[in-house]
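Listing of run.pdb, PDB, C-alpha atoms and all ligand atoms
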MODEL        1
ATOM      1  CA  MET V  29      47.056-211.891  85.525
ATOM      2  CA  GLY V  30      47.093-212.746  81.842
ATOM      3  CA  THR V  31      47.419-210.812  78.668
ATOM      4  CA  CYS V  32      45.344-208.277  76.785
ATOM      5  CA  THR V  33      42.090-209.769  75.476
ATOM      6  CA  GLU V  34      42.027-207.670  72.310
ATOM      7  CA  SER V  35      42.751-209.640  69.163
ATOM      8  CA  ASP V  36      46.296-209.565  67.829
ATOM      9  CA  CYS V  37      47.630-208.199  71.107
ATOM     10  CA  ASP V  38      49.799-210.187  73.527
ATOM     11  CA  ARG V  39      50.879-207.391  75.846
ATOM     12  CA  LYS V  40      50.414-207.775  79.585
ATOM     13  CA  ALA V  41      46.951-206.895  80.844
ATOM     14  CA  ALA V  42      47.183-203.741  82.960
ATOM     15  CA  VAL V  43      43.630-202.421  83.161
ATOM     16  CA  ARG V  44      40.197-203.949  83.703
ATOM     17  CA  LEU V  45      37.497-202.376  81.571
ATOM     18  CA  TYR V  46      33.823-202.392  82.521
ATOM     19  CA  VAL V  47      31.951-202.275  79.231
ATOM     20  CA  PRO V  48      28.185-201.602  79.460
ATOM     21  CA  TRP V  49      27.337-203.380  76.203
ATOM     22  CA  ASP V  50      29.765-206.306  76.537
ATOM     23  CA  GLU V  51      31.599-208.470  79.021
ATOM     24  CA  ASP V  52      34.228-206.991  81.307
ATOM     25  CA  ARG V  53      37.697-207.484  79.933
ATOM     26  CA  ASN V  54      41.341-207.103  80.858
ATOM     27  CA  VAL V  55      43.416-205.133  78.411
ATOM     28  CA  CYS V  56      46.879-203.630  78.126
ATOM     29  CA  ALA V  57      47.491-199.972  78.898
ATOM     30  CA  SER V  58      47.553-199.041  75.216
ATOM     31  CA  HIS V  59      44.179-200.582  74.419
ATOM     32  CA  ALA V  60      42.693-199.143  77.612
ATOM     33  CA  ARG V  61      43.570-195.644  76.492
ATOM     34  CA  VAL V  62      41.626-196.189  73.272
ATOM     35  CA  LEU V  63      38.625-198.074  74.623
ATOM     36  CA  VAL V  64      38.022-195.876  77.655
ATOM     37  CA  GLN V  65      37.144-192.998  75.345
ATOM     38  CA  ARG V  66      33.908-194.750  74.375
ATOM     39  CA  ASP V  67      30.768-193.727  76.216
ATOM     40  CA  GLY V  68      30.172-195.552  79.467
ATOM     41  CA  VAL V  69      33.405-197.520  79.620
ATOM     42  CA  VAL V  70      35.098-197.457  83.017
ATOM     43  CA  ALA V  71      38.739-198.433  83.528
ATOM     44  CA  MET V  72      40.227-199.758  86.753
ATOM     45  CA  ALA V  73      43.947-200.436  87.112
ATOM     46  CA  LEU V  74      44.803-204.011  88.016
ATOM     47  CA  ASP V  75      46.568-204.407  91.354
ATOM     48  CA  ASP V  76      49.876-205.615  89.952
ATOM     49  CA  ALA V  77      49.874-203.384  86.901
ATOM     50  CA  GLU V  78      53.180-202.060  85.667
ATOM     51  CA  LEU V  79      52.115-198.772  84.193
TER      52      LEU V  79
HETATM   53 ZN    ZN T 101      46.205-204.702  74.016
ENDMDL
END

Could you take the file, read its structure, and then write that structure out as structure tokens?
Amino acid sequence: MGTCTESDCDRKAAVRLYVPWDEDRNVCASHARVLVQRDGVVAMALDDAEL
């Protein structure tokens, strides 16, 4: 499934984020918690996520 796409982060990707102003991205649970607070961002858990 890959790793978090945020820079300087190599944790396992756990959540897919749909970002209105940018490309969709897979991020770790920690980054998802931060990014999902921005307006319009939608988070969907990946099927094999270990939350
Ligand atoms: Zn991350």

Do you know which residues are at most 7 Å from range 47-57 of chain V counting only C-alpha atoms, after dropping those on the same chain fewer than 2 positions away, and could you put them as a ChimeraX atom specification? /V:31-34,39-45,59-61,68-70

Suppose we keep C-alpha atoms; can you now write the selection as a PDB file, keeping the file's coordinate frame?
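The result, written out as again02.pdb:
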ATOM      1  CA  THR V  31      47.419-210.812  78.668  1.00  0.00           C
ATOM      2  CA  CYS V  32      45.344-208.277  76.785  1.00  0.00           C
ATOM      3  CA  THR V  33      42.090-209.769  75.476  1.00  0.00           C
ATOM      4  CA  GLU V  34      42.027-207.670  72.310  1.00  0.00           C
ATOM      5  CA  ARG V  39      50.879-207.391  75.846  1.00  0.00           C
ATOM      6  CA  LYS V  40      50.414-207.775  79.585  1.00  0.00           C
ATOM      7  CA  ALA V  41      46.951-206.895  80.844  1.00  0.00           C
ATOM      8  CA  ALA V  42      47.183-203.741  82.960  1.00  0.00           C
ATOM      9  CA  VAL V  43      43.630-202.421  83.161  1.00  0.00           C
ATOM     10  CA  ARG V  44      40.197-203.949  83.703  1.00  0.00           C
ATOM     11  CA  LEU V  45      37.497-202.376  81.571  1.00  0.00           C
ATOM     12  CA  HIS V  59      44.179-200.582  74.419  1.00  0.00           C
ATOM     13  CA  ALA V  60      42.693-199.143  77.612  1.00  0.00           C
ATOM     14  CA  ARG V  61      43.570-195.644  76.492  1.00  0.00           C
ATOM     15  CA  GLY V  68      30.172-195.552  79.467  1.00  0.00           C
ATOM     16  CA  VAL V  69      33.405-197.520  79.620  1.00  0.00           C
ATOM     17  CA  VAL V  70      35.098-197.457  83.017  1.00  0.00           C
TER      18      VAL V  70
END

Measuring atom to atom with all atoms listed in the file, identify which of V:Leu74, V:Ser58, V:Tyr46, V:Leu63 is nearest to Gly30 in chain V.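 Looking only at the distances to Gly30 in chain V, the closest residue turns out to be V:Leu74.
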
Kindly indicate which residue among V:Val62, V:Asp67, V:Ala73, V:Asp38 lies nearest to ligand ZN 101 (chain T), using only C-alpha atoms and all ligand atoms for the distances. V:Asp38
